[in-house]
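Undergrad: Sharing query.tsv here; it has TSV, N, CA, C and O atoms and all ligand atoms.
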chain	number	residue	atom	x	y	z
A	1	MET	N	10.94	-3.94	27.91
A	1	MET	CA	10.18	-3.88	26.66
A	1	MET	C	9.91	-2.44	26.25
A	1	MET	O	10.09	-2.08	25.10
A	2	SER	N	9.48	-1.60	27.20
A	2	SER	CA	9.19	-0.21	26.86
A	2	SER	C	10.46	0.55	26.48
A	2	SER	O	10.38	1.50	25.69
A	3	VAL	N	11.59	0.12	27.00
A	3	VAL	CA	12.84	0.79	26.64
A	3	VAL	C	13.15	0.56	25.17
A	3	VAL	O	13.60	1.48	24.47
A	4	ILE	N	12.90	-0.65	24.69
A	4	ILE	CA	13.16	-0.96	23.27
A	4	ILE	C	12.24	-0.12	22.38
A	4	ILE	O	12.68	0.44	21.36
A	5	ILE	N	10.97	-0.03	22.76
A	5	ILE	CA	10.02	0.78	21.98
A	5	ILE	C	10.44	2.24	21.98
A	5	ILE	O	10.45	2.92	20.95
A	6	LEU	N	10.81	2.74	23.16
A	6	LEU	CA	11.26	4.13	23.27
A	6	LEU	C	12.50	4.36	22.41
A	6	LEU	O	12.61	5.39	21.72
A	7	GLU	N	13.42	3.41	22.41
A	7	GLU	CA	14.63	3.54	21.60
A	7	GLU	C	14.27	3.57	20.11
A	7	GLU	O	14.85	4.35	19.35
A	8	GLY	N	13.32	2.74	19.71
A	8	GLY	CA	12.89	2.74	18.32
A	8	GLY	C	12.25	4.05	17.92
A	8	GLY	O	12.55	4.60	16.85
A	9	VAL	N	11.41	4.59	18.77
A	9	VAL	CA	10.75	5.86	18.49
A	9	VAL	C	11.79	6.98	18.39
A	9	VAL	O	11.74	7.83	17.49
A	10	LEU	N	12.73	6.98	19.31
A	10	LEU	CA	13.77	8.02	19.28
A	10	LEU	C	14.64	7.89	18.03
A	10	LEU	O	15.06	8.90	17.45
A	11	PHE	N	14.90	6.66	17.59
A	11	PHE	CA	15.70	6.47	16.38
A	11	PHE	C	14.95	7.03	15.17
A	11	PHE	O	15.55	7.72	14.32
A	12	VAL	N	13.66	6.74	15.07
A	12	VAL	CA	12.87	7.27	13.95
A	12	VAL	C	12.83	8.80	14.01
A	12	VAL	O	12.95	9.48	12.99
A	13	ALA	N	12.69	9.35	15.23
A	13	ALA	CA	12.69	10.82	15.38
A	13	ALA	C	14.04	11.40	14.96
A	13	ALA	O	14.10	12.47	14.34
A	14	LEU	N	15.13	10.71	15.26
A	14	LEU	CA	16.46	11.17	14.85
A	14	LEU	C	16.59	11.18	13.33
A	14	LEU	O	17.10	12.15	12.75
A	15	ILE	N	16.11	10.13	12.69
A	15	ILE	CA	16.16	10.06	11.22
A	15	ILE	C	15.33	11.20	10.62
A	15	ILE	O	15.77	11.89	9.68
A	16	ALA	N	14.12	11.44	11.16
A	16	ALA	CA	13.27	12.51	10.64
A	16	ALA	C	13.91	13.87	10.85
A	16	ALA	O	13.87	14.73	9.95
A	17	ALA	N	14.51	14.09	12.00
A	17	ALA	CA	15.17	15.38	12.26
A	17	ALA	C	16.35	15.57	11.33
A	17	ALA	O	16.57	16.68	10.80
A	18	GLY	N	17.11	14.53	11.08
A	18	GLY	CA	18.25	14.62	10.16
A	18	GLY	C	17.79	14.93	8.75
A	18	GLY	O	18.37	15.78	8.06
A	19	ALA	N	16.73	14.26	8.30
A	19	ALA	CA	16.21	14.51	6.96
A	19	ALA	C	15.69	15.93	6.83
A	19	ALA	O	15.91	16.60	5.82
A	20	THR	N	15.02	16.43	7.87
A	20	THR	CA	14.52	17.80	7.86
A	20	THR	C	15.67	18.80	7.80
A	20	THR	O	15.61	19.79	7.07
A	21	LEU	N	16.73	18.54	8.56
A	21	LEU	CA	17.89	19.42	8.55
A	21	LEU	C	18.52	19.46	7.16
A	21	LEU	O	18.86	20.54	6.65
A	22	VAL	N	18.68	18.31	6.55
A	22	VAL	CA	19.25	18.26	5.18
A	22	VAL	C	18.37	19.04	4.22
A	22	VAL	O	18.87	19.81	3.38
A	23	TYR	N	17.04	18.87	4.33
A	23	TYR	CA	16.11	19.58	3.44
A	23	TYR	C	16.23	21.09	3.63
A	23	TYR	O	16.30	21.85	2.64
A	24	VAL	N	16.25	21.56	4.88
A	24	VAL	CA	16.32	23.00	5.15
A	24	VAL	C	17.63	23.58	4.62
A	24	VAL	O	17.65	24.63	3.98
A	25	VAL	N	18.74	22.89	4.88
A	25	VAL	CA	20.04	23.37	4.39
A	25	VAL	C	20.05	23.39	2.87
A	25	VAL	O	20.50	24.36	2.25
A	26	LEU	N	19.51	22.34	2.25
A	26	LEU	CA	19.50	22.26	0.79
A	26	LEU	C	18.65	23.37	0.19
A	26	LEU	O	19.03	24.00	-0.80
A	27	MET	N	17.50	23.67	0.78
A	27	MET	CA	16.58	24.64	0.21
A	27	MET	C	16.98	26.09	0.47
A	27	MET	O	16.62	26.98	-0.29
A	28	HIS	N	17.70	26.36	1.56
A	28	HIS	CA	17.97	27.75	1.92
A	28	HIS	C	19.42	28.18	1.77
A	28	HIS	O	19.70	29.37	1.76
A	29	PHE	N	20.34	27.25	1.68
A	29	PHE	CA	21.75	27.66	1.68
A	29	PHE	C	22.53	27.12	0.49
A	29	PHE	O	23.75	27.19	0.48
A	30	THR	N	21.88	26.60	-0.52
A	30	THR	CA	22.60	26.09	-1.68
A	30	THR	C	21.97	26.63	-2.96
A	30	THR	O	20.80	27.03	-2.98
A	31	PRO	N	22.72	26.66	-4.06
A	31	PRO	CA	22.16	27.09	-5.34
A	31	PRO	C	21.03	26.18	-5.82
A	31	PRO	O	20.15	26.62	-6.56
A	32	VAL	N	21.03	24.93	-5.39
A	32	VAL	CA	19.94	24.01	-5.77
A	32	VAL	C	18.62	24.53	-5.23
A	32	VAL	O	17.60	24.51	-5.93
A	33	GLY	N	18.62	25.01	-4.00
A	33	GLY	CA	17.40	25.55	-3.40
A	33	GLY	C	16.90	26.77	-4.15
A	33	GLY	O	15.70	26.93	-4.36
A	34	VAL	N	17.83	27.63	-4.56
A	34	VAL	CA	17.44	28.83	-5.32
A	34	VAL	C	16.81	28.41	-6.65
A	34	VAL	O	15.77	28.93	-7.05
A	35	ARG	N	17.41	27.43	-7.32
A	35	ARG	CA	16.86	26.94	-8.59
A	35	ARG	C	15.47	26.37	-8.39
A	35	ARG	O	14.56	26.62	-9.19
A	36	LEU	N	15.28	25.58	-7.34
A	36	LEU	CA	13.97	24.98	-7.09
A	36	LEU	C	12.93	26.06	-6.79
A	36	LEU	O	11.80	25.99	-7.28
A	37	ARG	N	13.30	27.09	-6.02
A	37	ARG	CA	12.36	28.17	-5.73
A	37	ARG	C	12.03	28.96	-6.99
A	37	ARG	O	10.88	29.35	-7.21
A	38	GLN	N	13.03	29.17	-7.86
A	38	GLN	CA	12.76	29.88	-9.11
A	38	GLN	C	11.81	29.09	-10.00
A	38	GLN	O	10.92	29.65	-10.64
A	39	THR	N	11.98	27.77	-10.02
A	39	THR	CA	11.06	26.92	-10.78
A	39	THR	C	9.66	26.98	-10.20
A	39	THR	O	8.67	27.08	-10.94
A	40	GLN	N	9.56	26.95	-8.88
A	40	GLN	CA	8.24	27.06	-8.23
A	40	GLN	C	7.60	28.40	-8.54
A	40	GLN	O	6.38	28.47	-8.78
A	41	ASN	N	8.40	29.47	-8.55
A	41	ASN	CA	7.86	30.80	-8.88
A	41	ASN	C	7.31	30.82	-10.30
A	41	ASN	O	6.24	31.37	-10.56
A	42	ARG	N	8.07	30.22	-11.25
A	42	ARG	CA	7.62	30.21	-12.64
A	42	ARG	C	6.30	29.44	-12.76
A	42	ARG	O	5.37	29.90	-13.43
A	43	ARG	N	6.20	28.28	-12.10
A	43	ARG	CA	4.96	27.50	-12.17
A	43	ARG	C	3.79	28.26	-11.57
A	43	ARG	O	2.68	28.23	-12.11
A	44	ARG	N	4.04	28.96	-10.44
A	44	ARG	CA	2.96	29.70	-9.80
A	44	ARG	C	2.47	30.83	-10.70
A	44	ARG	O	1.26	31.03	-10.87
A	45	ILE	N	3.40	31.55	-11.34
A	45	ILE	CA	3.03	32.66	-12.22
A	45	ILE	C	2.34	32.14	-13.47
A	45	ILE	O	1.32	32.70	-13.92
A	46	ASP	N	2.84	31.03	-14.04
A	46	ASP	CA	2.20	30.44	-15.22
A	46	ASP	C	0.78	30.00	-14.90
A	46	ASP	O	-0.14	30.21	-15.70
A	47	ARG	N	0.61	29.38	-13.72
A	47	ARG	CA	-0.72	28.92	-13.32
A	47	ARG	C	-1.67	30.10	-13.16
A	47	ARG	O	-2.82	30.07	-13.61
A	48	ALA	N	-1.18	31.20	-12.55
A	48	ALA	CA	-2.02	32.39	-12.38
A	48	ALA	C	-2.36	33.02	-13.72
A	48	ALA	O	-3.48	33.49	-13.92
A	49	ALA	N	-1.40	33.00	-14.66
A	49	ALA	CA	-1.66	33.58	-15.98
A	49	ALA	C	-2.67	32.75	-16.76
A	49	ALA	O	-3.49	33.29	-17.50
A	50	GLU	N	-2.61	31.41	-16.59
A	50	GLU	CA	-3.57	30.55	-17.29
A	50	GLU	C	-4.99	30.79	-16.78
A	50	GLU	O	-5.95	30.61	-17.52
A	51	GLN	N	-5.14	31.19	-15.53
A	51	GLN	CA	-6.46	31.39	-14.95
A	51	GLN	C	-7.05	32.74	-15.30
A	51	GLN	O	-8.23	32.98	-15.06
A	52	ASP	N	-6.24	33.65	-15.85
A	52	ASP	CA	-6.71	34.99	-16.14
A	52	ASP	C	-6.98	35.13	-17.64
A	52	ASP	O	-6.06	35.33	-18.42
A	53	CYS	N	-8.23	35.05	-18.04
A	53	CYS	CA	-8.60	35.19	-19.45
A	53	CYS	C	-8.54	36.68	-19.81
A	53	CYS	O	-9.08	37.50	-19.08
A	54	PRO	N	-7.89	37.04	-20.93
A	54	PRO	CA	-7.81	38.46	-21.31
A	54	PRO	C	-9.18	39.05	-21.66
A	54	PRO	O	-9.35	40.26	-21.59
A	55	ILE	N	-10.14	38.21	-22.04
A	55	ILE	CA	-11.46	38.72	-22.44
A	55	ILE	C	-12.44	38.68	-21.27
A	55	ILE	O	-13.13	39.65	-20.98
A	56	HIS	N	-12.47	37.54	-20.56
A	56	HIS	CA	-13.49	37.35	-19.52
A	56	HIS	C	-12.97	37.52	-18.10
A	56	HIS	O	-13.74	37.37	-17.16
A	57	GLY	N	-11.71	37.77	-17.93
A	57	GLY	CA	-11.17	38.02	-16.60
A	57	GLY	C	-10.74	36.75	-15.89
A	57	GLY	O	-10.71	35.68	-16.48
A	58	PRO	N	-10.42	36.88	-14.60
A	58	PRO	CA	-9.90	35.73	-13.85
A	58	PRO	C	-10.97	34.64	-13.65
A	58	PRO	O	-12.15	34.95	-13.49
A	59	ARG	N	-10.53	33.40	-13.68
A	59	ARG	CA	-11.39	32.23	-13.52
A	59	ARG	C	-10.79	31.31	-12.46
A	59	ARG	O	-9.59	31.26	-12.28
A	60	ALA	N	-11.66	30.55	-11.79
A	60	ALA	CA	-11.17	29.56	-10.83
A	60	ALA	C	-10.54	28.40	-11.61
A	60	ALA	O	-10.98	28.07	-12.71
A	61	GLU	N	-9.50	27.81	-11.02
A	61	GLU	CA	-8.77	26.75	-11.71
A	61	GLU	C	-9.68	25.57	-12.04
A	61	GLU	O	-9.55	24.93	-13.07
A	62	LYS	N	-10.67	25.31	-11.17
A	62	LYS	CA	-11.55	24.15	-11.38
A	62	LYS	C	-12.55	24.38	-12.51
A	62	LYS	O	-13.14	23.44	-13.01
A	63	ASP	N	-12.75	25.64	-12.93
A	63	ASP	CA	-13.70	25.94	-14.00
A	63	ASP	C	-13.09	25.90	-15.39
A	63	ASP	O	-13.81	25.92	-16.37
A	64	LEU	N	-11.76	25.86	-15.48
A	64	LEU	CA	-11.09	25.91	-16.78
A	64	LEU	C	-11.34	24.62	-17.56
A	64	LEU	O	-11.64	23.57	-16.98
A	65	VAL	N	-11.21	24.69	-18.88
A	65	VAL	CA	-11.39	23.55	-19.77
A	65	VAL	C	-10.02	23.13	-20.28
A	65	VAL	O	-9.27	23.97	-20.78
A	66	ARG	N	-9.70	21.83	-20.14
A	66	ARG	CA	-8.42	21.34	-20.66
A	66	ARG	C	-8.63	20.82	-22.08
A	66	ARG	O	-9.43	19.91	-22.31
A	67	LEU	N	-7.88	21.40	-23.02
A	67	LEU	CA	-8.00	20.99	-24.42
A	67	LEU	C	-7.24	19.70	-24.66
A	67	LEU	O	-6.48	19.25	-23.82
A	68	ALA	N	-7.47	19.09	-25.82
A	68	ALA	CA	-6.79	17.84	-26.15
A	68	ALA	C	-5.28	18.03	-26.22
A	68	ALA	O	-4.52	17.09	-25.96
A	69	SER	N	-4.84	19.24	-26.54
A	69	SER	CA	-3.40	19.51	-26.61
A	69	SER	C	-2.78	19.66	-25.22
A	69	SER	O	-1.56	19.72	-25.11
A	70	GLY	N	-3.60	19.75	-24.18
A	70	GLY	CA	-3.09	19.90	-22.83
A	70	GLY	C	-3.16	21.32	-22.31
A	70	GLY	O	-2.93	21.57	-21.14
A	71	ASP	N	-3.48	22.28	-23.19
A	71	ASP	CA	-3.59	23.68	-22.77
A	71	ASP	C	-4.92	23.90	-22.04
A	71	ASP	O	-5.87	23.15	-22.22
A	72	LEU	N	-4.96	24.95	-21.24
A	72	LEU	CA	-6.17	25.30	-20.52
A	72	LEU	C	-6.84	26.49	-21.20
A	72	LEU	O	-6.17	27.35	-21.75
A	73	MET	N	-8.17	26.51	-21.13
A	73	MET	CA	-8.92	27.59	-21.77
A	73	MET	C	-10.09	27.99	-20.87
A	73	MET	O	-10.66	27.16	-20.17
A	74	CYS	N	-10.44	29.26	-20.92
A	74	CYS	CA	-11.60	29.79	-20.20
A	74	CYS	C	-12.87	29.10	-20.71
A	74	CYS	O	-13.00	28.87	-21.92
A	75	PRO	N	-13.82	28.73	-19.87
A	75	PRO	CA	-15.02	28.02	-20.34
A	75	PRO	C	-15.85	28.86	-21.31
A	75	PRO	O	-16.44	28.32	-22.25
A	76	ASP	N	-15.91	30.17	-21.13
A	76	ASP	CA	-16.68	31.02	-22.05
A	76	ASP	C	-16.01	31.08	-23.43
A	76	ASP	O	-16.69	31.00	-24.46
A	77	CYS	N	-14.67	31.18	-23.44
A	77	CYS	CA	-13.95	31.17	-24.73
A	77	CYS	C	-14.14	29.83	-25.41
A	77	CYS	O	-14.28	29.76	-26.64
A	78	TYR	N	-14.13	28.75	-24.63
A	78	TYR	CA	-14.33	27.41	-25.22
A	78	TYR	C	-15.72	27.31	-25.86
A	78	TYR	O	-15.84	26.83	-26.99
A	79	LYS	N	-16.73	27.78	-25.15
A	79	LYS	CA	-18.09	27.75	-25.72
A	79	LYS	C	-18.16	28.56	-27.00
A	79	LYS	O	-18.75	28.13	-27.99
A	80	GLU	N	-17.56	29.76	-27.00
A	80	GLU	CA	-17.61	30.62	-28.18
A	80	GLU	C	-16.86	30.01	-29.35
A	80	GLU	O	-17.31	30.08	-30.49
A	81	ASN	N	-15.72	29.38	-29.09
A	81	ASN	CA	-14.91	28.83	-30.17
A	81	ASN	C	-15.46	27.52	-30.71
A	81	ASN	O	-15.40	27.27	-31.90
A	82	VAL	N	-15.97	26.66	-29.84
A	82	VAL	CA	-16.40	25.33	-30.27
A	82	VAL	C	-17.86	25.32	-30.71
A	82	VAL	O	-18.21	24.74	-31.72
A	83	HIS	N	-18.72	26.00	-29.95
A	83	HIS	CA	-20.16	25.94	-30.24
A	83	HIS	C	-20.70	27.22	-30.86
A	83	HIS	O	-21.91	27.39	-30.98
A	84	GLY	N	-19.86	28.15	-31.19
A	84	GLY	CA	-20.28	29.36	-31.88
A	84	GLY	C	-20.75	30.39	-30.98
A	84	GLY	O	-21.56	30.77	-30.40
B	101	ZN	ZN	-12.43	33.78	-21.84
In structure tokens, write the structure found in this file.
Ligand SMILES: [Zn+2]
TA:
Amino acid sequence: MSVIILEGVLFVALIAAGATLVYVVLMHFTPVGVRLRQTQNRRRIDRAAEQDCPIHGPRAEKDLVRLASGDLMCPDCYKENVHG
């Protein structure tokens, strides 16, 4: 009985190791990986730029206000624009 369980665990470990190998090869040795990293870089820089208000300086992501259009705005700019 324990041999069957051990065989099952080893099979799952083999599948996980194979999937990890495919992921590592895909991300580090193919043009697809470079494209994905470039997209991640763009998102990271865009997110950092959205958090940095040109008037009030950097803000935490959780403090930003999401407008109806989907854009993010500094809470102080939102107060000034909406409530005067
Ligand atoms: Zn602001």
Undergrad: What does the distance from atom C of A:Asn81 to atom C of A:Asp63 come to in Å, to one decimal?
TA: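 According to the coordinates, atom C of A:Asn81 and atom C of A:Asp63 are separated by 15.6 Å.
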Undergrad: For atom CA of A:Ala68 and atom C of A:Gly84, determine how far apart the two atoms are, in Å to one decimal place.
TA: 19.4 Å
Undergrad: Given all atoms listed in the file, how would the per-residue table for chain A near ligand ZN 101 (chain B) read, listing every residue at most 5 Å away with its closest atom pair and distance in Å to one decimal, sorted by chain and number, as JSON lines?
TA:
{"residue": "A:Cys53", "atom": "CA", "partner": "B:ZN101", "partner_atom": "ZN", "distance": 4.7}
{"residue": "A:Ile55", "atom": "C", "partner": "B:ZN101", "partner_atom": "ZN", "distance": 4.9}
{"residue": "A:His56", "atom": "N", "partner": "B:ZN101", "partner_atom": "ZN", "distance": 4.0}
{"residue": "A:Cys74", "atom": "CA", "partner": "B:ZN101", "partner_atom": "ZN", "distance": 4.4}
{"residue": "A:Asp76", "atom": "C", "partner": "B:ZN101", "partner_atom": "ZN", "distance": 4.8}
{"residue": "A:Cys77", "atom": "N", "partner": "B:ZN101", "partner_atom": "ZN", "distance": 3.8}
Undergrad: Report as a compact mmCIF listing (two decimals) with N, CA, C and O atoms, in the coordinates of the input: the residues of stretch 1-76 of chain A with a DSSP assignment of helix (DSSP H, G or I), based on the backbone of this structure.
TA:
# COMPACT_ATOMS: atom_id res chain seq x y z
N SER A 2 9.48 -1.60 27.20
CA SER A 2 9.19 -0.21 26.86
C SER A 2 10.46 0.55 26.48
O SER A 2 10.38 1.50 25.69
N VAL A 3 11.59 0.12 27.00
CA VAL A 3 12.84 0.79 26.64
C VAL A 3 13.15 0.56 25.17
O VAL A 3 13.60 1.48 24.47
N ILE A 4 12.90 -0.65 24.69
CA ILE A 4 13.16 -0.96 23.27
C ILE A 4 12.24 -0.12 22.38
O ILE A 4 12.68 0.44 21.36
N ILE A 5 10.97 -0.03 22.76
CA ILE A 5 10.02 0.78 21.98
C ILE A 5 10.44 2.24 21.98
O ILE A 5 10.45 2.92 20.95
N LEU A 6 10.81 2.74 23.16
CA LEU A 6 11.26 4.13 23.27
C LEU A 6 12.50 4.36 22.41
O LEU A 6 12.61 5.39 21.72
N GLU A 7 13.42 3.41 22.41
CA GLU A 7 14.63 3.54 21.60
C GLU A 7 14.27 3.57 20.11
O GLU A 7 14.85 4.35 19.35
N GLY A 8 13.32 2.74 19.71
CA GLY A 8 12.89 2.74 18.32
C GLY A 8 12.25 4.05 17.92
O GLY A 8 12.55 4.60 16.85
N VAL A 9 11.41 4.59 18.77
CA VAL A 9 10.75 5.86 18.49
C VAL A 9 11.79 6.98 18.39
O VAL A 9 11.74 7.83 17.49
N LEU A 10 12.73 6.98 19.31
CA LEU A 10 13.77 8.02 19.28
C LEU A 10 14.64 7.89 18.03
O LEU A 10 15.06 8.90 17.45
N PHE A 11 14.90 6.66 17.59
CA PHE A 11 15.70 6.47 16.38
C PHE A 11 14.95 7.03 15.17
O PHE A 11 15.55 7.72 14.32
N VAL A 12 13.66 6.74 15.07
CA VAL A 12 12.87 7.27 13.95
C VAL A 12 12.83 8.80 14.01
O VAL A 12 12.95 9.48 12.99
N ALA A 13 12.69 9.35 15.23
CA ALA A 13 12.69 10.82 15.38
C ALA A 13 14.04 11.40 14.96
O ALA A 13 14.10 12.47 14.34
N LEU A 14 15.13 10.71 15.26
CA LEU A 14 16.46 11.17 14.85
C LEU A 14 16.59 11.18 13.33
O LEU A 14 17.10 12.15 12.75
N ILE A 15 16.11 10.13 12.69
CA ILE A 15 16.16 10.06 11.22
C ILE A 15 15.33 11.20 10.62
O ILE A 15 15.77 11.89 9.68
N ALA A 16 14.12 11.44 11.16
CA ALA A 16 13.27 12.51 10.64
C ALA A 16 13.91 13.87 10.85
O ALA A 16 13.87 14.73 9.95
N ALA A 17 14.51 14.09 12.00
CA ALA A 17 15.17 15.38 12.26
C ALA A 17 16.35 15.57 11.33
O ALA A 17 16.57 16.68 10.80
N GLY A 18 17.11 14.53 11.08
CA GLY A 18 18.25 14.62 10.16
C GLY A 18 17.79 14.93 8.75
O GLY A 18 18.37 15.78 8.06
N ALA A 19 16.73 14.26 8.30
CA ALA A 19 16.21 14.51 6.96
C ALA A 19 15.69 15.93 6.83
O ALA A 19 15.91 16.60 5.82
N THR A 20 15.02 16.43 7.87
CA THR A 20 14.52 17.80 7.86
C THR A 20 15.67 18.80 7.80
O THR A 20 15.61 19.79 7.07
N LEU A 21 16.73 18.54 8.56
CA LEU A 21 17.89 19.42 8.55
C LEU A 21 18.52 19.46 7.16
O LEU A 21 18.86 20.54 6.65
N VAL A 22 18.68 18.31 6.55
CA VAL A 22 19.25 18.26 5.18
C VAL A 22 18.37 19.04 4.22
O VAL A 22 18.87 19.81 3.38
N TYR A 23 17.04 18.87 4.33
CA TYR A 23 16.11 19.58 3.44
C TYR A 23 16.23 21.09 3.63
O TYR A 23 16.30 21.85 2.64
N VAL A 24 16.25 21.56 4.88
CA VAL A 24 16.32 23.00 5.15
C VAL A 24 17.63 23.58 4.62
O VAL A 24 17.65 24.63 3.98
N VAL A 25 18.74 22.89 4.88
CA VAL A 25 20.04 23.37 4.39
C VAL A 25 20.05 23.39 2.87
O VAL A 25 20.50 24.36 2.25
N LEU A 26 19.51 22.34 2.25
CA LEU A 26 19.50 22.26 0.79
C LEU A 26 18.65 23.37 0.19
O LEU A 26 19.03 24.00 -0.80
N MET A 27 17.50 23.67 0.78
CA MET A 27 16.58 24.64 0.21
C MET A 27 16.98 26.09 0.47
O MET A 27 16.62 26.98 -0.29
N HIS A 28 17.70 26.36 1.56
CA HIS A 28 17.97 27.75 1.92
C HIS A 28 19.42 28.18 1.77
O HIS A 28 19.70 29.37 1.76
N PHE A 29 20.34 27.25 1.68
CA PHE A 29 21.75 27.66 1.68
C PHE A 29 22.53 27.12 0.49
O PHE A 29 23.75 27.19 0.48
N PRO A 31 22.72 26.66 -4.06
CA PRO A 31 22.16 27.09 -5.34
C PRO A 31 21.03 26.18 -5.82
O PRO A 31 20.15 26.62 -6.56
N VAL A 32 21.03 24.93 -5.39
CA VAL A 32 19.94 24.01 -5.77
C VAL A 32 18.62 24.53 -5.23
O VAL A 32 17.60 24.51 -5.93
N GLY A 33 18.62 25.01 -4.00
CA GLY A 33 17.40 25.55 -3.40
C GLY A 33 16.90 26.77 -4.15
O GLY A 33 15.70 26.93 -4.36
N VAL A 34 17.83 27.63 -4.56
CA VAL A 34 17.44 28.83 -5.32
C VAL A 34 16.81 28.41 -6.65
O VAL A 34 15.77 28.93 -7.05
N ARG A 35 17.41 27.43 -7.32
CA ARG A 35 16.86 26.94 -8.59
C ARG A 35 15.47 26.37 -8.39
O ARG A 35 14.56 26.62 -9.19
N LEU A 36 15.28 25.58 -7.34
CA LEU A 36 13.97 24.98 -7.09
C LEU A 36 12.93 26.06 -6.79
O LEU A 36 11.80 25.99 -7.28
N ARG A 37 13.30 27.09 -6.02
CA ARG A 37 12.36 28.17 -5.73
C ARG A 37 12.03 28.96 -6.99
O ARG A 37 10.88 29.35 -7.21
N GLN A 38 13.03 29.17 -7.86
CA GLN A 38 12.76 29.88 -9.11
C GLN A 38 11.81 29.09 -10.00
O GLN A 38 10.92 29.65 -10.64
N THR A 39 11.98 27.77 -10.02
CA THR A 39 11.06 26.92 -10.78
C THR A 39 9.66 26.98 -10.20
O THR A 39 8.67 27.08 -10.94
N GLN A 40 9.56 26.95 -8.88
CA GLN A 40 8.24 27.06 -8.23
C GLN A 40 7.60 28.40 -8.54
O GLN A 40 6.38 28.47 -8.78
N ASN A 41 8.40 29.47 -8.55
CA ASN A 41 7.86 30.80 -8.88
C ASN A 41 7.31 30.82 -10.30
O ASN A 41 6.24 31.37 -10.56
N ARG A 42 8.07 30.22 -11.25
CA ARG A 42 7.62 30.21 -12.64
C ARG A 42 6.30 29.44 -12.76
O ARG A 42 5.37 29.90 -13.43
N ARG A 43 6.20 28.28 -12.10
CA ARG A 43 4.96 27.50 -12.17
C ARG A 43 3.79 28.26 -11.57
O ARG A 43 2.68 28.23 -12.11
N ARG A 44 4.04 28.96 -10.44
CA ARG A 44 2.96 29.70 -9.80
C ARG A 44 2.47 30.83 -10.70
O ARG A 44 1.26 31.03 -10.87
N ILE A 45 3.40 31.55 -11.34
CA ILE A 45 3.03 32.66 -12.22
C ILE A 45 2.34 32.14 -13.47
O ILE A 45 1.32 32.70 -13.92
N ASP A 46 2.84 31.03 -14.04
CA ASP A 46 2.20 30.44 -15.22
C ASP A 46 0.78 30.00 -14.90
O ASP A 46 -0.14 30.21 -15.70
N ARG A 47 0.61 29.38 -13.72
CA ARG A 47 -0.72 28.92 -13.32
C ARG A 47 -1.67 30.10 -13.16
O ARG A 47 -2.82 30.07 -13.61
N ALA A 48 -1.18 31.20 -12.55
CA ALA A 48 -2.02 32.39 -12.38
C ALA A 48 -2.36 33.02 -13.72
O ALA A 48 -3.48 33.49 -13.92
N ALA A 49 -1.40 33.00 -14.66
CA ALA A 49 -1.66 33.58 -15.98
C ALA A 49 -2.67 32.75 -16.76
O ALA A 49 -3.49 33.29 -17.50
N GLU A 50 -2.61 31.41 -16.59
CA GLU A 50 -3.57 30.55 -17.29
C GLU A 50 -4.99 30.79 -16.78
O GLU A 50 -5.95 30.61 -17.52
N GLN A 51 -5.14 31.19 -15.53
CA GLN A 51 -6.46 31.39 -14.95
C GLN A 51 -7.05 32.74 -15.30
O GLN A 51 -8.23 32.98 -15.06
N GLU A 61 -9.50 27.81 -11.02
CA GLU A 61 -8.77 26.75 -11.71
C GLU A 61 -9.68 25.57 -12.04
O GLU A 61 -9.55 24.93 -13.07
N LYS A 62 -10.67 25.31 -11.17
CA LYS A 62 -11.55 24.15 -11.38
C LYS A 62 -12.55 24.38 -12.51
O LYS A 62 -13.14 23.44 -13.01
N ASP A 63 -12.75 25.64 -12.93
CA ASP A 63 -13.70 25.94 -14.00
C ASP A 63 -13.09 25.90 -15.39
O ASP A 63 -13.81 25.92 -16.37
N PRO A 75 -13.82 28.73 -19.87
CA PRO A 75 -15.02 28.02 -20.34
C PRO A 75 -15.85 28.86 -21.31
O PRO A 75 -16.44 28.32 -22.25
N ASP A 76 -15.91 30.17 -21.13
CA ASP A 76 -16.68 31.02 -22.05
C ASP A 76 -16.01 31.08 -23.43
O ASP A 76 -16.69 31.00 -24.46
Undergrad: Just give me the gap between atom CA of A:Asp52 and atom O of A:Gln40 in Å, one decimal is fine.
TA: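 Computed distance, atom CA of A:Asp52 to atom O of A:Gln40, equals 16.4 Å.
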